[in-house]
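S.K.: Quick one: the structure is below, questions incoming.
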Amino acid sequence: MNEYRWEDLSPGMAAGFQTTITGQMLDTFGALSGDMNPLHTDESFARSRGFEGAVVHGLLVSALYSRLVGMHLPGRDCILHEIRVVFASPAYAGDELTVAGAVSHMNHAYRQLEIKGRIKRGSVLISRATIRVGMSG
Amino acid sequence: MPLAPEAVLERIRPIFRDVLDLPSFDVMPSDNASTVEGWDSLAHINLVTNIEQEFGIRFALGELAELKNVGEMIDLILKKLAQRP
């Protein structure tokens, strides 16, 4: 986990990671959220709706933004204020996703950091987000 | 040519609508956090961030603490814009 302080940060500073979405993650998220919609749990149903397989819950994909700011940028001292997310393309179990973020604005008066986040599978944009966080330290 | 206060008001109105989630709200110069629904501390931080981005300016905490209403914020924005190289 990174431990960036306000003074360490600057516009354009970037961080990221790669992760693979597993079927078990879909099952666990479905149980946690109660969203057992067949689009996420029934591969044949999802295919009947034109998708390649069971679609990863959008908010499961978005949970990776929580990891991005809570563990990487800024890390330990992060306090999440706001996330605005766009779901650009579906993600599927087995997808290897690249999660990246870069500082787009620093509100020095109130120490609020804005980060532009992107989640991609290869060159395919899965999600983009504007994330605003405060700093506890 | 310097902006008029009315022009600044027109540019910050969409920011207030967006941050406060009040689609038909027209913020007025006399408004402040005590007169506007949903203008809490977190909304205030987001308003400042959005206004900084809209005008390409930066505020200091001391400047913001002295503001009594939106009209004074507009005056501060105009002052910041005039100071820009």
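Ordering of the structure tokens sets the chain letters (A, B, ...), residue numbers begin anew at 1 in every chain, and ligands are numbered from 1 in the order given.
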With only C-alpha atoms as the counted atoms, please give the residues lying no more than 10 Å from Trp6 (chain A), apart from itself and same-chain residues fewer than 2 positions off, as a list in words.
M.R.: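 The residues that qualify are Glu3, Tyr4, Asp8, Leu9, Ser10, Pro74, Asp77, Met106, His108, Arg111, Gln112, Leu113, Gly134, Met135, Ser136 and Gly137 of chain A.
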S.K.: Using only C-alpha atoms, which residues sit within 10 Å of Glu37 (chain B) once same-chain residues fewer than 2 positions away are excluded, as a ChimeraX atom specification?
M.R.: /B:20-22,32-35,39-40
S.K.: Those same residues, written as a PDB file, in the first residue's frame with all heavy atoms?
M.R.:
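And here is the file that came out, selection-v1.pdb:
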ATOM      1  N   LEU B  20     -25.023  20.201  -6.463  1.00  0.00           N
ATOM      2  CA  LEU B  20     -26.120  20.091  -5.489  1.00  0.00           C
ATOM      3  C   LEU B  20     -27.262  19.211  -6.001  1.00  0.00           C
ATOM      4  O   LEU B  20     -28.217  18.962  -5.261  1.00  0.00           O
ATOM      5  CB  LEU B  20     -26.653  21.486  -5.146  1.00  0.00           C
ATOM      6  CG  LEU B  20     -25.614  22.456  -4.577  1.00  0.00           C
ATOM      7  CD1 LEU B  20     -26.237  23.824  -4.332  1.00  0.00           C
ATOM      8  CD2 LEU B  20     -25.013  21.924  -3.282  1.00  0.00           C
ATOM      9  N   ASP B  21     -27.140  18.741  -7.252  1.00  0.00           N
ATOM     10  CA  ASP B  21     -28.170  17.900  -7.860  1.00  0.00           C
ATOM     11  C   ASP B  21     -29.532  18.596  -7.818  1.00  0.00           C
ATOM     12  O   ASP B  21     -30.552  18.016  -7.442  1.00  0.00           O
ATOM     13  CB  ASP B  21     -28.239  16.538  -7.149  1.00  0.00           C
ATOM     14  CG  ASP B  21     -28.991  15.497  -7.978  1.00  0.00           C
ATOM     15  OD1 ASP B  21     -29.117  15.695  -9.197  1.00  0.00           O
ATOM     16  OD2 ASP B  21     -29.464  14.506  -7.390  1.00  0.00           O
ATOM     17  N   LEU B  22     -29.515  19.866  -8.223  1.00  0.00           N
ATOM     18  CA  LEU B  22     -30.741  20.673  -8.286  1.00  0.00           C
ATOM     19  C   LEU B  22     -30.842  21.221  -9.717  1.00  0.00           C
ATOM     20  O   LEU B  22     -30.376  22.325 -10.013  1.00  0.00           O
ATOM     21  CB  LEU B  22     -30.673  21.830  -7.273  1.00  0.00           C
ATOM     22  CG  LEU B  22     -30.572  21.439  -5.794  1.00  0.00           C
ATOM     23  CD1 LEU B  22     -30.292  22.665  -4.934  1.00  0.00           C
ATOM     24  CD2 LEU B  22     -31.854  20.753  -5.340  1.00  0.00           C
ATOM     25  N   ASN B  32     -25.979  31.641   0.239  1.00  0.00           N
ATOM     26  CA  ASN B  32     -24.829  31.025   0.918  1.00  0.00           C
ATOM     27  C   ASN B  32     -25.265  29.650   1.427  1.00  0.00           C
ATOM     28  O   ASN B  32     -26.400  29.212   1.178  1.00  0.00           O
ATOM     29  CB  ASN B  32     -24.294  31.915   2.050  1.00  0.00           C
ATOM     30  CG  ASN B  32     -25.345  32.227   3.088  1.00  0.00           C
ATOM     31  OD1 ASN B  32     -26.152  31.368   3.463  1.00  0.00           O
ATOM     32  ND2 ASN B  32     -25.351  33.467   3.568  1.00  0.00           N
ATOM     33  N   ALA B  33     -24.365  28.978   2.147  1.00  0.00           N
ATOM     34  CA  ALA B  33     -24.635  27.588   2.537  1.00  0.00           C
ATOM     35  C   ALA B  33     -25.882  27.449   3.410  1.00  0.00           C
ATOM     36  O   ALA B  33     -26.504  26.388   3.429  1.00  0.00           O
ATOM     37  CB  ALA B  33     -23.420  27.014   3.267  1.00  0.00           C
ATOM     38  N   SER B  34     -26.245  28.514   4.099  1.00  0.00           N
ATOM     39  CA  SER B  34     -27.406  28.413   4.992  1.00  0.00           C
ATOM     40  C   SER B  34     -28.729  28.613   4.257  1.00  0.00           C
ATOM     41  O   SER B  34     -29.790  28.329   4.806  1.00  0.00           O
ATOM     42  CB  SER B  34     -27.291  29.430   6.133  1.00  0.00           C
ATOM     43  OG  SER B  34     -27.371  30.746   5.617  1.00  0.00           O
ATOM     44  N   THR B  35     -28.665  29.096   3.010  1.00  0.00           N
ATOM     45  CA  THR B  35     -29.914  29.366   2.283  1.00  0.00           C
ATOM     46  C   THR B  35     -30.194  28.353   1.179  1.00  0.00           C
ATOM     47  O   THR B  35     -31.260  28.402   0.565  1.00  0.00           O
ATOM     48  CB  THR B  35     -29.890  30.770   1.633  1.00  0.00           C
ATOM     49  OG1 THR B  35     -28.884  30.797   0.612  1.00  0.00           O
ATOM     50  CG2 THR B  35     -29.603  31.845   2.665  1.00  0.00           C
ATOM     51  N   TRP B  39     -26.233  22.302   0.433  1.00  0.00           N
ATOM     52  CA  TRP B  39     -24.896  22.920   0.407  1.00  0.00           C
ATOM     53  C   TRP B  39     -24.209  22.612   1.736  1.00  0.00           C
ATOM     54  O   TRP B  39     -24.129  23.450   2.612  1.00  0.00           O
ATOM     55  CB  TRP B  39     -25.021  24.417   0.167  1.00  0.00           C
ATOM     56  CG  TRP B  39     -23.705  25.122  -0.082  1.00  0.00           C
ATOM     57  CD1 TRP B  39     -22.451  24.661   0.175  1.00  0.00           C
ATOM     58  CD2 TRP B  39     -23.526  26.436  -0.629  1.00  0.00           C
ATOM     59  NE1 TRP B  39     -21.506  25.583  -0.171  1.00  0.00           N
ATOM     60  CE2 TRP B  39     -22.136  26.688  -0.674  1.00  0.00           C
ATOM     61  CE3 TRP B  39     -24.411  27.417  -1.094  1.00  0.00           C
ATOM     62  CZ2 TRP B  39     -21.617  27.892  -1.153  1.00  0.00           C
ATOM     63  CZ3 TRP B  39     -23.891  28.619  -1.564  1.00  0.00           C
ATOM     64  CH2 TRP B  39     -22.507  28.847  -1.595  1.00  0.00           C
ATOM     65  N   ASP B  40     -23.725  21.386   1.845  1.00  0.00           N
ATOM     66  CA  ASP B  40     -23.031  20.964   3.063  1.00  0.00           C
ATOM     67  C   ASP B  40     -21.519  21.069   2.846  1.00  0.00           C
ATOM     68  O   ASP B  40     -21.060  21.581   1.820  1.00  0.00           O
ATOM     69  CB  ASP B  40     -23.457  19.545   3.461  1.00  0.00           C
ATOM     70  CG  ASP B  40     -23.249  18.542   2.325  1.00  0.00           C
ATOM     71  OD1 ASP B  40     -22.386  18.792   1.451  1.00  0.00           O
ATOM     72  OD2 ASP B  40     -23.945  17.516   2.313  1.00  0.00           O
TER      73      ASP B  40
END
S.K.: Please compute the CA of Glu10 (chain B)-CA of Met28 (chain B) distance, one decimal, in Å.
M.R.: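 Straight-line distance from CA of Glu10 (chain B) to CA of Met28 (chain B) works out to 9.9 Å.
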S.K.: Have a look at B:Met1, B:Leu64, B:Val70, B:Ala7 and name the one nearest to chain A; count only C-alpha atoms.
M.R.: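 Checking each candidate against chain A, we get B:Leu64 as the closest.
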S.K.: Do a neighbour search on His81 (chain A) at 8 Å with only C-alpha atoms, toss out local chain neighbours closer than 4 positions, and write the hits as a list in words.
M.R.: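 Non-adjacent residues within range: Ile131, Arg132, Val133 and Gly134 of chain A; Leu42 of chain B.
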S.K.: Just to be explicit: take each residue in the selection above, keep N, CA and C atoms, and write the result as a PDB file, in the first residue's frame.
M.R.:
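After the write, selection.pdb holds the following:
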ATOM      1  N   ILE A 131     -12.862  10.450  -9.896  1.00  0.00           N
ATOM      2  CA  ILE A 131     -12.869  10.099  -8.481  1.00  0.00           C
ATOM      3  C   ILE A 131     -12.324  11.274  -7.685  1.00  0.00           C
ATOM      4  N   ARG A 132     -13.026  11.643  -6.634  1.00  0.00           N
ATOM      5  CA  ARG A 132     -12.540  12.713  -5.762  1.00  0.00           C
ATOM      6  C   ARG A 132     -12.333  12.149  -4.357  1.00  0.00           C
ATOM      7  N   VAL A 133     -11.171  12.416  -3.818  1.00  0.00           N
ATOM      8  CA  VAL A 133     -10.850  11.912  -2.489  1.00  0.00           C
ATOM      9  C   VAL A 133     -10.246  13.020  -1.639  1.00  0.00           C
ATOM     10  N   GLY A 134     -10.496  12.923  -0.345  1.00  0.00           N
ATOM     11  CA  GLY A 134      -9.796  13.764   0.614  1.00  0.00           C
ATOM     12  C   GLY A 134      -8.627  13.001   1.193  1.00  0.00           C
TER      13      GLY A 134
ATOM     14  N   LEU B  42     -19.164  18.839   2.263  1.00  0.00           N
ATOM     15  CA  LEU B  42     -18.591  18.109   1.123  1.00  0.00           C
ATOM     16  C   LEU B  42     -18.993  18.764  -0.194  1.00  0.00           C
TER      17      LEU B  42
END
S.K.: Please, which residues of chain A lie no more than 7 Å from chain B when the count uses only C-alpha atoms, and can they be set out as a VMD selection string?
M.R.: chain A and resid 107 109 to 110
S.K.: When you look at Phe51 (chain A) with a cut-off of 10 Å (counting only C-alpha atoms), what residues show up, excluding the ones that are within fewer than 3 positions of it in the same chain? I need them as a list in words.
M.R.: Leu39, Glu43, Ser44, Phe45, Ala46, Arg47, Ser48, Ala54, Val55, Pro90, Ala91 and Tyr92 of chain A
S.K.: Next, the residues of the selection above should be written as an mmCIF file, in the first residue's frame with N, CA, C and O atoms.
M.R.:
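Output (out_16.cif):
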data_model
loop_
_atom_site.group_PDB
_atom_site.id
_atom_site.type_symbol
_atom_site.label_atom_id
_atom_site.label_comp_id
_atom_site.auth_asym_id
_atom_site.auth_seq_id
_atom_site.Cartn_x
_atom_site.Cartn_y
_atom_site.Cartn_z
ATOM 1 N N LEU A 39 -28.311 -11.939 -15.735
ATOM 2 C CA LEU A 39 -27.263 -11.389 -16.599
ATOM 3 C C LEU A 39 -25.878 -11.669 -16.003
ATOM 4 O O LEU A 39 -24.887 -11.807 -16.723
ATOM 5 N N GLU A 43 -25.031 -17.861 -17.695
ATOM 6 C CA GLU A 43 -24.306 -17.577 -18.926
ATOM 7 C C GLU A 43 -25.213 -17.691 -20.155
ATOM 8 O O GLU A 43 -25.137 -16.862 -21.075
ATOM 9 N N SER A 44 -26.078 -18.692 -20.182
ATOM 10 C CA SER A 44 -26.942 -18.865 -21.365
ATOM 11 C C SER A 44 -27.930 -17.704 -21.479
ATOM 12 O O SER A 44 -28.234 -17.236 -22.581
ATOM 13 N N PHE A 45 -28.432 -17.236 -20.337
ATOM 14 C CA PHE A 45 -29.327 -16.072 -20.367
ATOM 15 C C PHE A 45 -28.580 -14.854 -20.913
ATOM 16 O O PHE A 45 -29.096 -14.130 -21.778
ATOM 17 N N ALA A 46 -27.365 -14.650 -20.420
ATOM 18 C CA ALA A 46 -26.590 -13.488 -20.877
ATOM 19 C C ALA A 46 -26.322 -13.583 -22.384
ATOM 20 O O ALA A 46 -26.429 -12.582 -23.099
ATOM 21 N N ARG A 47 -26.012 -14.784 -22.848
ATOM 22 C CA ARG A 47 -25.768 -14.962 -24.297
ATOM 23 C C ARG A 47 -27.039 -14.689 -25.096
ATOM 24 O O ARG A 47 -26.990 -14.130 -26.187
ATOM 25 N N SER A 48 -28.185 -15.056 -24.507
ATOM 26 C CA SER A 48 -29.458 -14.814 -25.208
ATOM 27 C C SER A 48 -29.756 -13.323 -25.333
ATOM 28 O O SER A 48 -30.601 -12.911 -26.124
ATOM 29 N N ALA A 54 -21.627 -14.433 -18.948
ATOM 30 C CA ALA A 54 -22.145 -13.740 -17.774
ATOM 31 C C ALA A 54 -21.385 -12.421 -17.585
ATOM 32 O O ALA A 54 -20.147 -12.400 -17.584
ATOM 33 N N VAL A 55 -22.130 -11.356 -17.450
ATOM 34 C CA VAL A 55 -21.529 -10.019 -17.384
ATOM 35 C C VAL A 55 -21.146 -9.698 -15.929
ATOM 36 O O VAL A 55 -21.940 -9.927 -15.010
ATOM 37 N N PRO A 90 -18.981 -4.183 -21.517
ATOM 38 C CA PRO A 90 -19.113 -5.214 -20.483
ATOM 39 C C PRO A 90 -17.779 -5.912 -20.208
ATOM 40 O O PRO A 90 -16.933 -6.026 -21.096
ATOM 41 N N ALA A 91 -17.636 -6.367 -18.973
ATOM 42 C CA ALA A 91 -16.502 -7.213 -18.608
ATOM 43 C C ALA A 91 -17.042 -8.602 -18.286
ATOM 44 O O ALA A 91 -18.204 -8.750 -17.890
ATOM 45 N N TYR A 92 -16.179 -9.608 -18.473
ATOM 46 C CA TYR A 92 -16.596 -10.998 -18.282
ATOM 47 C C TYR A 92 -15.630 -11.706 -17.348
ATOM 48 O O TYR A 92 -14.452 -11.310 -17.223
#
S.K.: Fewer than 5 positions away in the same chain doesn't count, so skip those; otherwise give me all residues within 9 Å of region 13-15 of chain B, counting only C-alpha atoms, as a list in words.
M.R.: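 The filter keeps Val8, Leu20, Pro23, Phe25, Asp26, Val27, Met28, Leu47, Asn50, Ile51 and Glu54 of chain B.
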S.K.: Could you find all residues in chain A that DSSP calls strand (DSSP E or B) from the backbone, and write them as a PyMOL selection string?
M.R.: chain A and resi 3+14-20+55+75+78-87+92+96-107+112-121+124-135
S.K.: How far is it from CA of Ile126 (chain A) to CA of Ala100 (chain A), in Å with one decimal?
M.R.: 11.8 Å
S.K.: Taking only C-alpha atoms into account, which of A:Ala93, A:Leu59, A:Cys78, A:Ala88 comes nearest Leu26 (chain A)?
M.R.: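 Between A:Ala93, A:Leu59, A:Cys78, A:Ala88, the residue approaching Leu26 (chain A) most closely is A:Ala93.
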S.K.: Could you tell me how far CA of Phe87 (chain A) lies from CA of Ser127 (chain A), in Å and to one decimal?
M.R.: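 Answer for the CA of Phe87 (chain A) to CA of Ser127 (chain A) separation: 4.7 Å.
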S.K.: Write down as an NGL selection string the residues belonging to chain B that are assigned helix (DSSP H, G or I) by DSSP computed on the backbone.
M.R.: :B and (5-20 or 41-55 or 61-65 or 70-83)
